[in-house]
>>> print(open('upload.cif').read())   # mmCIF, C-alpha atoms
data_protein
loop_
_atom_site.label_atom_id
_atom_site.label_comp_id
_atom_site.auth_asym_id
_atom_site.auth_seq_id
_atom_site.Cartn_x
_atom_site.Cartn_y
_atom_site.Cartn_z
CA MET A 1 -12.18 27.32 24.10
CA THR A 2 -10.27 24.09 23.64
CA ASP A 3 -7.86 23.99 20.69
CA ARG A 4 -9.25 21.28 18.42
CA ARG A 5 -6.18 21.06 16.22
CA GLN A 6 -4.22 17.83 16.47
CA HIS A 7 -0.68 18.22 17.72
CA LEU A 8 1.01 16.69 14.71
CA THR A 9 4.69 16.66 14.00
CA GLY A 10 6.18 16.71 10.55
CA ARG A 11 8.91 18.07 8.33
CA ILE A 12 7.70 20.87 6.04
CA LEU A 13 9.53 22.35 3.05
CA ILE A 14 8.54 25.93 2.16
CA VAL A 15 9.47 27.11 -1.35
CA ASP A 16 9.07 30.85 -2.06
CA ASP A 17 11.23 33.45 -3.81
CA GLN A 18 10.23 36.15 -1.30
CA ALA A 19 12.44 36.14 1.80
CA ALA A 20 9.75 37.90 3.86
CA ASN A 21 7.22 35.17 3.04
CA LEU A 22 9.71 32.46 3.95
CA HIS A 23 10.38 34.12 7.29
CA VAL A 24 6.72 34.66 8.22
CA VAL A 25 5.54 31.15 7.26
CA SER A 26 8.53 29.30 8.71
CA THR A 27 8.32 31.23 12.00
CA LEU A 28 4.61 30.48 12.34
CA LEU A 29 5.03 26.77 11.68
CA ALA A 30 8.15 26.38 13.82
CA ARG A 31 6.33 28.05 16.72
CA HIS A 32 3.73 25.30 16.46
CA GLY A 33 6.27 22.50 16.69
CA TYR A 34 6.91 21.68 13.04
CA ASP A 35 10.38 20.96 11.61
CA VAL A 36 10.72 23.58 8.87
CA VAL A 37 13.20 23.91 6.01
CA THR A 38 13.11 26.55 3.29
CA ALA A 39 14.19 27.04 -0.32
CA ALA A 40 14.25 30.34 -2.24
CA ASN A 41 13.81 28.77 -5.68
CA GLY A 42 12.84 25.58 -7.45
CA GLN A 43 16.37 24.33 -8.07
CA VAL A 44 17.33 24.55 -4.39
CA ALA A 45 14.06 22.83 -3.50
CA LEU A 46 14.88 19.91 -5.82
CA GLU A 47 18.23 19.47 -4.09
CA MET A 48 16.59 19.52 -0.66
CA LEU A 49 14.06 16.92 -1.74
CA GLN A 50 16.97 14.48 -2.22
CA LEU A 51 17.67 14.74 1.51
CA PRO A 52 15.34 13.01 3.97
CA PRO A 53 12.10 13.97 2.21
CA PRO A 54 9.60 16.31 3.88
CA ASP A 55 6.10 15.30 4.89
CA LEU A 56 4.54 18.33 3.18
CA VAL A 57 5.57 21.03 0.71
CA LEU A 58 4.22 24.59 0.73
CA LEU A 59 4.98 25.83 -2.77
CA ASP A 60 4.72 29.33 -4.21
CA MET A 61 2.82 29.10 -7.48
CA LEU A 62 4.48 31.99 -9.36
CA MET A 63 8.26 32.29 -9.07
CA PRO A 64 10.93 33.51 -11.50
CA GLY A 65 12.93 30.80 -13.28
CA MET A 66 11.39 27.46 -12.33
CA ASP A 67 7.85 28.27 -11.23
CA GLY A 68 5.67 26.15 -9.00
CA PHE A 69 4.13 24.17 -11.85
CA GLU A 70 7.53 23.20 -13.27
CA LEU A 71 8.77 22.17 -9.82
CA MET A 72 5.56 20.20 -9.30
CA ALA A 73 6.18 18.32 -12.55
CA GLU A 74 9.72 17.44 -11.42
CA ILE A 75 8.41 16.20 -8.07
CA ARG A 76 5.83 13.93 -9.68
CA ARG A 77 8.47 12.41 -11.99
CA GLU A 78 10.30 11.02 -8.95
CA PRO A 79 8.60 7.76 -7.83
CA SER A 80 9.67 8.18 -4.20
CA LEU A 81 7.93 11.58 -4.09
CA ALA A 82 4.81 10.64 -6.04
CA GLN A 83 2.60 10.68 -2.90
CA LEU A 84 4.18 13.78 -1.33
CA PRO A 85 1.39 16.29 -0.50
CA VAL A 86 1.95 19.73 -2.01
CA VAL A 87 -0.06 22.83 -1.08
CA PHE A 88 0.25 25.84 -3.38
CA LEU A 89 0.70 29.32 -1.92
CA THR A 90 -0.61 31.93 -4.34
CA VAL A 91 -1.84 35.49 -4.66
CA ALA A 92 -3.71 34.45 -7.80
CA GLN A 93 -7.36 33.50 -7.56
CA ASP A 94 -7.71 32.93 -11.28
CA ARG A 95 -9.97 29.90 -11.78
CA ASP A 96 -7.89 28.44 -14.63
CA LEU A 97 -4.67 28.68 -12.57
CA LEU A 98 -6.28 26.99 -9.59
CA LEU A 99 -7.66 24.19 -11.79
CA ARG A 100 -4.19 23.79 -13.29
CA ALA A 101 -2.75 23.52 -9.77
CA PHE A 102 -5.04 20.60 -8.91
CA GLU A 103 -4.44 18.94 -12.27
CA SER A 104 -0.69 19.10 -11.63
CA GLY A 105 -1.15 17.11 -8.42
CA ALA A 106 -1.54 19.72 -5.68
CA VAL A 107 -3.74 18.65 -2.77
CA ASP A 108 -4.80 22.17 -1.76
CA TYR A 109 -4.01 25.89 -2.04
CA VAL A 110 -3.83 28.88 0.31
CA THR A 111 -4.19 32.43 -0.97
CA LYS A 112 -1.81 35.17 0.13
CA PRO A 113 -2.11 37.11 2.33
CA PHE A 114 -3.36 34.25 4.46
CA MET A 115 -4.83 34.01 7.94
CA PRO A 116 -2.49 32.10 10.29
CA GLU A 117 -5.36 29.95 11.58
CA GLU A 118 -6.30 28.92 8.03
CA LEU A 119 -2.74 27.95 7.10
CA LEU A 120 -2.27 25.96 10.32
CA ALA A 121 -5.59 24.19 9.84
CA ARG A 122 -4.75 23.16 6.26
CA VAL A 123 -1.24 22.08 7.19
CA GLY A 124 -2.58 20.03 10.10
CA ALA A 125 -5.27 18.40 7.95
CA HIS A 126 -2.90 17.34 5.18
CA LEU A 127 -0.20 16.13 7.57
CA GLY A 128 -2.86 14.10 9.38
CA LEU A 129 -3.93 12.50 6.10
CA LYS A 130 -0.31 11.73 5.21
CA HIS A 131 0.42 10.17 8.60
CA MET A 132 -2.73 8.07 8.30
CA ARG A 133 -1.73 6.90 4.81
CA ASP A 134 1.78 6.10 6.03
CA ARG A 135 0.34 4.02 8.89
CA LEU A 136 -1.98 2.14 6.54
CA GLU A 137 0.89 1.43 4.15
CA ARG A 138 3.05 0.22 7.04
CA VAL A 139 0.28 -2.05 8.32
CA ALA A 140 -0.24 -3.46 4.81
CA ARG A 141 3.50 -4.03 4.42
CA GLU A 142 3.81 -5.72 7.82
CA ARG A 143 0.79 -7.89 7.07
CA GLN A 144 2.30 -8.99 3.77
CA GLU A 145 5.61 -9.75 5.49
CA LEU A 146 3.72 -11.82 8.06
CA VAL A 147 1.93 -13.74 5.29
CA ASN A 148 5.31 -14.40 3.66
CA LEU A 149 6.76 -15.65 6.95
CA VAL A 150 3.87 -17.98 7.69
CA ALA A 151 3.73 -19.33 4.14
CA HIS A 152 7.46 -19.98 4.08
CA ASP A 153 7.67 -21.66 7.47
CA LEU A 154 4.66 -23.86 6.78
CA LYS A 155 6.46 -25.23 3.73
CA ASN A 156 9.01 -27.24 5.72
CA PRO A 157 6.59 -29.25 7.93
CA LEU A 158 4.23 -29.78 4.99
CA THR A 159 7.13 -31.09 2.92
CA SER A 160 7.87 -33.61 5.67
CA VAL A 161 4.22 -34.67 5.77
CA HIS A 162 4.16 -35.10 1.97
CA PHE A 163 7.35 -37.15 2.02
CA ALA A 164 6.14 -39.49 4.78
CA ILE A 165 2.76 -40.05 3.11
CA ASP A 166 4.42 -40.88 -0.21
CA ILE A 167 6.60 -43.50 1.49
CA LEU A 168 3.65 -45.07 3.29
CA LEU A 169 1.52 -45.16 0.13
CA ALA A 170 4.33 -46.90 -1.75
CA GLY A 171 4.07 -49.82 0.70
CA GLY A 172 6.73 -52.31 1.79
CA VAL A 173 7.59 -50.36 4.95
CA SER A 174 8.60 -52.22 8.10
CA ASP A 175 6.52 -51.77 11.23
CA GLU A 176 9.35 -49.92 12.95
CA ARG A 177 9.74 -47.46 10.11
CA ARG A 178 5.98 -47.12 9.68
CA GLU A 179 5.85 -45.91 13.26
CA ARG A 180 8.59 -43.36 12.56
CA TYR A 181 6.80 -42.04 9.45
CA LEU A 182 3.48 -41.74 11.31
CA ARG A 183 5.23 -39.92 14.14
CA MET A 184 6.83 -37.59 11.54
CA ILE A 185 3.39 -36.76 10.14
CA ARG A 186 1.93 -36.04 13.56
CA GLU A 187 4.86 -33.92 14.73
CA SER A 188 5.02 -31.99 11.45
CA THR A 189 1.34 -31.09 11.59
CA ASP A 190 1.76 -30.05 15.23
CA ASP A 191 4.64 -27.82 14.13
CA ALA A 192 2.53 -26.27 11.36
CA PHE A 193 -0.22 -25.35 13.82
CA GLY A 194 2.40 -24.09 16.23
CA TYR A 195 3.94 -21.79 13.62
CA ILE A 196 0.53 -20.30 12.85
CA ARG A 197 -0.16 -19.64 16.52
CA ARG A 198 3.29 -18.22 17.01
CA TYR A 199 3.09 -15.71 14.17
CA LEU A 200 -0.52 -14.71 14.61
CA GLU A 201 -0.55 -14.45 18.40
CA MET A 202 2.94 -14.15 19.87
CA GLN A 203 5.54 -13.11 17.27
CA ALA A 204 5.61 -9.37 17.90
CA ASP A 205 5.92 -9.69 21.70
CA SER A 206 8.51 -12.48 21.37
CA VAL A 207 10.75 -10.50 18.99
CA ARG A 208 10.56 -7.37 21.15
CA ALA A 209 11.46 -9.35 24.27
CA GLN A 210 14.39 -11.04 22.54
CA GLN A 211 15.72 -7.77 21.09
CA SER A 212 15.46 -6.00 24.46
CA GLY A 213 17.23 -8.85 26.23
CA ASP A 214 14.30 -9.48 28.59
CA ASP A 215 13.15 -13.03 29.20
CA VAL A 216 15.24 -14.35 26.32
CA ALA A 217 14.47 -17.99 25.60
CA VAL A 218 17.27 -20.55 25.64
CA ALA A 219 17.79 -23.48 23.26
CA SER A 220 19.80 -26.63 23.84
CA VAL A 221 21.95 -27.42 20.81
CA GLY A 222 21.97 -31.11 21.76
CA GLU A 223 18.16 -31.26 21.79
CA LEU A 224 18.09 -29.38 18.49
CA LEU A 225 20.34 -31.93 16.80
CA GLN A 226 18.29 -34.82 18.15
CA TRP A 227 15.17 -33.21 16.74
CA LEU A 228 16.78 -32.59 13.34
CA GLU A 229 17.90 -36.22 13.17
CA GLY A 230 14.38 -37.47 13.93
CA ARG A 231 12.80 -35.16 11.41
CA TYR A 232 15.26 -35.28 8.49
CA ALA A 233 17.48 -38.40 8.63
CA LEU A 234 14.95 -40.49 6.69
CA GLN A 235 14.33 -37.75 4.13
CA LEU A 236 18.04 -37.39 3.45
CA GLU A 237 18.36 -41.18 3.25
CA ALA A 238 15.58 -41.27 0.62
CA HIS A 239 17.66 -38.80 -1.43
CA GLY A 240 20.79 -40.96 -1.21
CA SER A 241 22.36 -38.83 1.54
CA ARG A 242 23.32 -39.20 5.17
CA LEU A 243 22.90 -36.79 8.05
CA ARG A 244 26.12 -36.79 10.08
CA LEU A 245 26.04 -35.23 13.54
CA PRO A 246 28.63 -34.63 16.27
CA GLN A 247 28.55 -36.31 19.66
CA LEU A 248 25.48 -34.94 21.47
CA GLU A 249 27.08 -34.75 24.93
CA ASP A 250 28.37 -31.49 26.40
CA LEU A 251 26.84 -29.28 23.71
CA PRO A 252 26.08 -25.65 24.61
CA ARG A 253 22.89 -23.75 25.28
CA ILE A 254 22.37 -20.61 23.21
CA ARG A 255 20.17 -17.52 23.40
CA ILE A 256 17.29 -18.14 21.00
CA ASP A 257 13.80 -19.59 21.18
CA PRO A 258 14.08 -23.36 20.48
CA VAL A 259 11.24 -23.29 17.93
CA VAL A 260 12.83 -20.35 16.09
CA LEU A 261 16.18 -22.18 16.06
CA ARG A 262 14.49 -25.23 14.52
CA GLN A 263 12.98 -23.06 11.79
CA VAL A 264 16.34 -21.50 10.95
CA CYS A 265 18.07 -24.89 10.84
CA GLU A 266 15.25 -26.41 8.79
CA ASN A 267 15.99 -23.81 6.14
CA MET A 268 19.61 -24.95 6.04
CA ILE A 269 18.61 -28.61 5.60
CA SER A 270 15.87 -27.96 3.03
CA ASN A 271 18.37 -25.95 0.97
CA ALA A 272 20.86 -28.85 1.11
CA LEU A 273 18.16 -31.28 -0.05
CA LYS A 274 17.29 -28.95 -2.90
CA TYR A 275 20.70 -27.72 -4.06
CA ALA A 276 23.03 -30.59 -3.09
CA PRO A 277 21.00 -33.77 -3.80
CA GLY A 278 22.90 -36.98 -3.09
CA SER A 279 25.45 -35.23 -0.89
CA ASP A 280 25.89 -36.10 2.76
CA LEU A 281 25.11 -33.26 5.14
CA ASP A 282 27.52 -32.69 8.03
CA ILE A 283 26.42 -30.63 11.02
CA SER A 284 29.08 -29.53 13.48
CA VAL A 285 29.24 -27.31 16.56
CA CYS A 286 32.23 -25.21 17.57
CA SER A 287 33.20 -22.10 19.48
CA GLY A 288 32.60 -18.86 17.60
CA GLY A 289 34.80 -16.72 19.81
CA PRO A 290 34.21 -15.47 23.38
CA GLY A 291 30.54 -15.75 24.26
CA PHE A 292 29.42 -17.27 20.92
CA TRP A 293 28.82 -20.71 19.44
CA GLN A 294 28.59 -21.75 15.80
CA ILE A 295 26.42 -24.40 14.16
CA GLN A 296 27.83 -25.30 10.74
CA PHE A 297 26.01 -27.06 7.88
CA GLU A 298 28.33 -28.52 5.23
CA ASP A 299 27.59 -30.42 2.01
CA ARG A 300 29.52 -31.57 -1.06
CA GLY A 301 27.21 -29.98 -3.59
CA PRO A 302 28.25 -27.42 -6.23
CA GLY A 303 28.41 -24.52 -3.75
CA ILE A 304 27.34 -20.98 -4.54
CA PRO A 305 28.76 -19.35 -7.71
CA ALA A 306 30.88 -16.33 -6.83
CA ALA A 307 28.75 -14.02 -8.99
CA GLN A 308 25.62 -14.87 -6.99
CA ARG A 309 26.95 -14.67 -3.43
CA LYS A 310 26.27 -10.95 -3.02
CA ALA A 311 22.53 -11.54 -3.49
CA LEU A 312 22.41 -14.83 -1.56
CA PHE A 313 20.67 -13.40 1.51
CA THR A 314 18.34 -10.99 -0.27
CA PRO A 315 14.58 -11.73 -0.35
CA PHE A 316 13.26 -13.89 -3.21
CA PHE A 317 16.74 -14.85 -4.43
CA ARG A 318 17.13 -18.23 -6.12
CA ILE A 319 20.39 -19.75 -7.33
CA GLU A 320 20.52 -19.71 -11.11
CA GLY A 321 20.54 -23.12 -12.75
CA SER A 322 19.42 -24.92 -9.59
CA ARG A 323 16.63 -27.46 -9.40
CA ASP A 324 13.44 -25.68 -8.33
CA ASP A 325 10.75 -27.51 -6.39
CA GLY A 326 8.08 -25.15 -7.72
CA VAL A 327 7.25 -24.13 -4.13
CA SER A 328 10.31 -22.23 -2.97
CA SER A 329 9.72 -18.54 -2.31
CA GLY A 330 13.38 -17.55 -2.08
CA LEU A 331 12.76 -16.15 1.41
CA GLY A 332 14.47 -18.79 3.59
CA LEU A 333 18.01 -17.45 3.88
CA SER A 334 16.84 -13.84 4.07
CA LEU A 335 14.44 -14.60 6.93
CA ALA A 336 16.97 -16.80 8.71
CA ARG A 337 19.63 -14.07 8.65
CA GLN A 338 17.09 -11.50 9.83
CA ILE A 339 16.07 -13.67 12.80
CA VAL A 340 19.64 -14.51 13.81
CA GLY A 341 20.77 -10.91 13.40
CA SER A 342 17.96 -9.62 15.64
CA LEU A 343 19.46 -11.73 18.45
CA GLY A 344 22.96 -10.35 18.04
CA GLY A 345 24.23 -13.29 15.99
CA GLY A 346 25.21 -13.86 12.39
CA LEU A 347 24.56 -16.14 9.42
CA TRP A 348 26.94 -16.38 6.49
CA TYR A 349 28.19 -18.59 3.66
CA GLU A 350 31.67 -20.01 3.05
CA ASP A 351 33.12 -22.33 0.45
CA ARG A 352 33.88 -25.72 1.99
CA GLU A 353 37.44 -26.98 1.73
CA GLY A 354 37.59 -29.61 -1.01
CA GLY A 355 34.37 -28.40 -2.60
CA GLY A 356 30.84 -27.77 -1.42
CA ALA A 357 28.97 -25.24 0.69
CA ARG A 358 29.21 -24.28 4.35
CA PHE A 359 26.55 -22.19 6.09
CA VAL A 360 27.45 -20.91 9.55
CA ILE A 361 24.99 -19.81 12.23
CA SER A 362 26.60 -17.89 15.10
CA LEU A 363 24.59 -17.14 18.25
CA PRO A 364 25.37 -15.90 21.77
CA GLN A 365 25.91 -18.47 24.49
CA ALA A 366 23.22 -18.56 27.17
CA SER A 367 24.15 -17.50 30.66
CA GLU A 368 24.56 -20.25 33.20
CA ALA A 369 21.44 -20.71 35.32
#
>>> encode(input="upload.cif", output="structure tokens")
Amino acid sequence: MTDRRQHLTGRILIVDDQAANLHVVSTLLARHGYDVVTAANGQVALEMLQLPPPDLVLLDMLMPGMDGFELMAEIRREPSLAQLPVVFLTVAQDRDLLLRAFESGAVDYVTKPFMPEELLARVGAHLGLKHMRDRLERVARERQELVNLVAHDLKNPLTSVHFAIDILLAGGVSDERRERYLRMIRESTDDAFGYIRRYLEMQADSVRAQQSGDDVAVASVGELLQWLEGRYALQLEAHGSRLRLPQLEDLPRIRIDPVVLRQVCENMISNALKYAPGSDLDISVCSGGPGFWQIQFEDRGPGIPAAQRKALFTPFFRIEGSRDDGVSSGLGLSLARQIVGSLGGGLWYEDREGGGARFVISLPQASEA
């Protein structure tokens, strides 16, 4: 007859004051492929739960010192262990004790002496439920992260659209500039649709390919700077600032998808608009050591207070006392560093000589075709 049990893996902690019980149960489970650890009392079990936590606990109900109920209460007080499945092992079949076990948070019980098939079936069932819950939680977390990414990256092109429409509605715009603003609106909306397609259809495959080094896309820094000038020079000008770029000849090619590089650099510019209004923004390109190139963004704003630099690249961080546009999620720098880091590069902050902020993006140089 075919074995219908699922071949599940998992780390199981067995807590029992009887050495013979520990040996029998751990041997049975280890023989069936489980990673088993044991504890002879509640205090040792608590210490072991601070290590990489198990996927399931088999807990003797009645032990000297800290019994199973007391250990269960300690487990449930720890938020990181709140969902840990615990199965009581007990010789007692007293109804009140069993009800107390479930009320304390146990998911099941097995009476001693037990049949090996029964114990394996219950262990397999509860590990299967835990693995399924873990997968659902991971999917929900990844979906929320994807929503955050899409929402954040849509903000930059929509901001450009809003800016251009405001200028056109105000009137008094020359024909030449009207054409530039209309082109900005069209290109920004194209970018917004492109970001949606990218994240919903291609992001996972693209990131895996880039991390593995297969079919890595290549971006031209010169083309990037031309694009940034077309998209943001007028916006900076409207804020009393200038966008200053290096000579566009002989600039390198680097290992990153061009659209992803635009998104990262857009975050740098939108932060300068927000936190250094009225300051010119200088973008420069220089060698970052053998095999690497740096793109630097420098302004003459107030810079980042020393007390806040440690948290600068953490999700949802906002600089205290800064002007808030009411839309910022605080995700830009965190996402940008994550993207650059996944490609073997780096993103960091430095104080600019003479005052101001400098953000540095370092990425590997592309191989010559």
>>> resolve_selection(input="upload.cif", expression="the PyMOL selection byres ((chain A and resi 22) around 12)", output="list in words")
Ile12, Leu13, Ile14, Val15, Asp16, Asp17, Gln18, Ala19, Ala20, Asn21, His23, Val24, Val25, Ser26, Thr27, Leu28, Leu29, Ala30, Val36, Val37, Thr38, Ala39, Ala40, Asn41, Leu58, Leu59, Asp60 and Leu89 of chain A
>>> atom_distance(input="upload.cif", atom1="atom CA of A:Gln43", atom2="atom CA of A:Arg11")
19.1 Å
>>> closest_residue(input="upload.cif", among="A:Leu97, A:Met184, A:Val44, A:Leu127", to="A:Phe69", atoms="only C-alpha atoms")
A:Leu97
>>> atom_distance(input="upload.cif", atom1="atom CA of A:Thr90", atom2="atom CA of A:Ala121")
16.9 Å
>>> atom_distance(input="upload.cif", atom1="atom CA of A:Val221", atom2="atom CA of A:Tyr181")
23.9 Å
>>> resolve_selection(input="upload.cif", expression="the PyMOL selection byres ((chain A and resi 355-359) around 6)", output="MDAnalysis selection string")
chainID A and resid 296:303 348:354 360
>>> resolve_selection(input="upload.cif", expression="the PyMOL selection byres ((chain A and resi 106) around 9)", output="PyMOL selection string")
chain A and resi 72+85-88+101-105+107-109
>>> write_last_selection(input="upload.cif", atoms="C-alpha atoms", output="PDB file, in the frame of the given file")
ATOM      1  CA  MET A  72       5.560  20.200  -9.300  1.00  0.00           C
ATOM      2  CA  PRO A  85       1.390  16.290  -0.500  1.00  0.00           C
ATOM      3  CA  VAL A  86       1.950  19.730  -2.010  1.00  0.00           C
ATOM      4  CA  VAL A  87      -0.060  22.830  -1.080  1.00  0.00           C
ATOM      5  CA  PHE A  88       0.250  25.840  -3.380  1.00  0.00           C
ATOM      6  CA  ALA A 101      -2.750  23.520  -9.770  1.00  0.00           C
ATOM      7  CA  PHE A 102      -5.040  20.600  -8.910  1.00  0.00           C
ATOM      8  CA  GLU A 103      -4.440  18.940 -12.270  1.00  0.00           C
ATOM      9  CA  SER A 104      -0.690  19.100 -11.630  1.00  0.00           C
ATOM     10  CA  GLY A 105      -1.150  17.110  -8.420  1.00  0.00           C
ATOM     11  CA  VAL A 107      -3.740  18.650  -2.770  1.00  0.00           C
ATOM     12  CA  ASP A 108      -4.800  22.170  -1.760  1.00  0.00           C
ATOM     13  CA  TYR A 109      -4.010  25.890  -2.040  1.00  0.00           C
TER      14      TYR A 109
END
>>> closest_residue(input="upload.cif", among="A:Gln308, A:Gln226, A:Asn148, A:Ser287", to="A:Ile254", atoms="only C-alpha atoms")
A:Ser287
>>> closest_residue(input="upload.cif", among="A:Phe163, A:Asn267, A:Tyr195, A:Ser279", to="A:Leu347", atoms="only C-alpha atoms")
A:Asn267
>>> residues_around(input="upload.cif", residues="A:Pro53", least_positions_apart="4", cutoff="9 Å", atoms="all atoms listed in the file", output="MDAnalysis selection string")
chainID A and resid 11 13 48:49 80:81 84
>>> closest_residue(input="upload.cif", among="A:Gln83, A:Thr159, A:Thr111, A:Ser241", to="A:His126", atoms="all atoms listed in the file")
A:Gln83
>>> closest_residue(input="upload.cif", among="A:Leu56, A:Ala366, A:Ile167, A:Ile185", to="A:Asp257", atoms="only C-alpha atoms")
A:Ala366
>>> closest_atom_pairs(input="upload.cif", of="stretch 246-303 of chain A", to="stretch 331-345 of chain A", cutoff="10 Å", atoms="only C-alpha atoms", output="tab-separated table")
residue	atom	partner	partner_atom	distance
A:Arg255	CA	A:Leu343	CA	7.7
A:Ile256	CA	A:Leu343	CA	7.2
A:Val260	CA	A:Ile339	CA	8.1
A:Leu261	CA	A:Val340	CA	8.7
A:Gln263	CA	A:Ala336	CA	8.0
A:Val264	CA	A:Ala336	CA	5.2
A:Cys265	CA	A:Ala336	CA	8.4
A:Glu266	CA	A:Gly332	CA	9.3
A:Asn267	CA	A:Gly332	CA	5.8
A:Met268	CA	A:Leu333	CA	8.0
A:Ser270	CA	A:Gly332	CA	9.3
A:Asn271	CA	A:Gly332	CA	8.6
A:Phe292	CA	A:Gly345	CA	8.2
A:Trp293	CA	A:Gly345	CA	9.4
A:Gln294	CA	A:Gly345	CA	9.5
>>> closest_residue(input="upload.cif", among="A:Arg180, A:His32, A:Arg186, A:Arg138", to="A:Pro116", atoms="only C-alpha atoms")
A:His32
>>> decode(input="upload.cif", residues="stretch 3-63 of chain A", atoms="C-alpha atoms", output="mmCIF file, in the first residue's frame")
data_model
loop_
_atom_site.group_PDB
_atom_site.id
_atom_site.type_symbol
_atom_site.label_atom_id
_atom_site.label_comp_id
_atom_site.auth_asym_id
_atom_site.auth_seq_id
_atom_site.Cartn_x
_atom_site.Cartn_y
_atom_site.Cartn_z
ATOM 1 C CA ASP A 3 2.406 5.609 2.032
ATOM 2 C CA ARG A 4 0.030 8.571 1.973
ATOM 3 C CA ARG A 5 2.022 10.663 4.414
ATOM 4 C CA GLN A 6 3.629 13.769 2.968
ATOM 5 C CA HIS A 7 7.403 13.828 3.134
ATOM 6 C CA LEU A 8 7.696 17.017 5.132
ATOM 7 C CA THR A 9 10.830 18.404 6.668
ATOM 8 C CA GLY A 10 10.920 20.430 9.823
ATOM 9 C CA ARG A 11 12.732 21.131 13.056
ATOM 10 C CA ILE A 12 11.011 19.574 16.082
ATOM 11 C CA LEU A 13 11.723 20.287 19.755
ATOM 12 C CA ILE A 14 10.803 17.469 22.155
ATOM 13 C CA VAL A 15 10.452 18.431 25.841
ATOM 14 C CA ASP A 16 10.164 15.555 28.340
ATOM 15 C CA ASP A 17 11.736 14.838 31.732
ATOM 16 C CA GLN A 18 12.004 11.103 30.957
ATOM 17 C CA ALA A 19 15.193 10.238 29.081
ATOM 18 C CA ALA A 20 13.645 7.034 27.698
ATOM 19 C CA ASN A 21 10.749 8.995 26.176
ATOM 20 C CA LEU A 22 13.141 11.502 24.629
ATOM 21 C CA HIS A 23 15.165 8.700 23.075
ATOM 22 C CA VAL A 24 12.185 6.788 21.654
ATOM 23 C CA VAL A 25 10.418 9.844 20.177
ATOM 24 C CA SER A 26 13.549 11.509 18.811
ATOM 25 C CA THR A 27 14.760 8.264 17.203
ATOM 26 C CA LEU A 28 11.396 7.693 15.533
ATOM 27 C CA LEU A 29 11.199 11.213 14.137
ATOM 28 C CA ALA A 30 14.842 11.368 13.057
ATOM 29 C CA ARG A 31 14.396 8.082 11.186
ATOM 30 C CA HIS A 32 11.646 9.765 9.191
ATOM 31 C CA GLY A 33 13.822 12.691 8.156
ATOM 32 C CA TYR A 34 12.978 15.306 10.775
ATOM 33 C CA ASP A 35 15.576 17.558 12.430
ATOM 34 C CA VAL A 36 15.105 16.789 16.129
ATOM 35 C CA VAL A 37 16.356 18.587 19.242
ATOM 36 C CA THR A 38 15.500 17.671 22.824
ATOM 37 C CA ALA A 39 15.188 19.302 26.241
ATOM 38 C CA ALA A 40 14.828 17.505 29.587
ATOM 39 C CA ASN A 41 12.995 20.347 31.335
ATOM 40 C CA GLY A 42 11.148 23.578 30.732
ATOM 41 C CA GLN A 43 14.058 25.889 31.476
ATOM 42 C CA VAL A 44 16.341 24.207 28.943
ATOM 43 C CA ALA A 45 13.494 24.300 26.420
ATOM 44 C CA LEU A 46 13.117 28.071 26.871
ATOM 45 C CA GLU A 47 16.818 28.531 26.161
ATOM 46 C CA MET A 48 16.596 26.382 23.029
ATOM 47 C CA LEU A 49 13.617 28.367 21.779
ATOM 48 C CA GLN A 50 15.898 31.428 21.604
ATOM 49 C CA LEU A 51 17.966 29.616 18.971
ATOM 50 C CA PRO A 52 16.576 29.223 15.459
ATOM 51 C CA PRO A 53 13.010 28.377 16.512
ATOM 52 C CA PRO A 54 11.543 24.930 15.802
ATOM 53 C CA ASP A 55 8.597 24.312 13.509
ATOM 54 C CA LEU A 56 6.795 22.183 16.115
ATOM 55 C CA VAL A 57 7.070 21.417 19.826
ATOM 56 C CA LEU A 58 6.154 18.070 21.402
ATOM 57 C CA LEU A 59 5.663 18.941 25.062
ATOM 58 C CA ASP A 60 5.199 16.652 28.052
ATOM 59 C CA MET A 61 2.205 17.888 30.016
ATOM 60 C CA LEU A 62 3.299 16.847 33.528
ATOM 61 C CA MET A 63 6.926 17.513 34.471
#
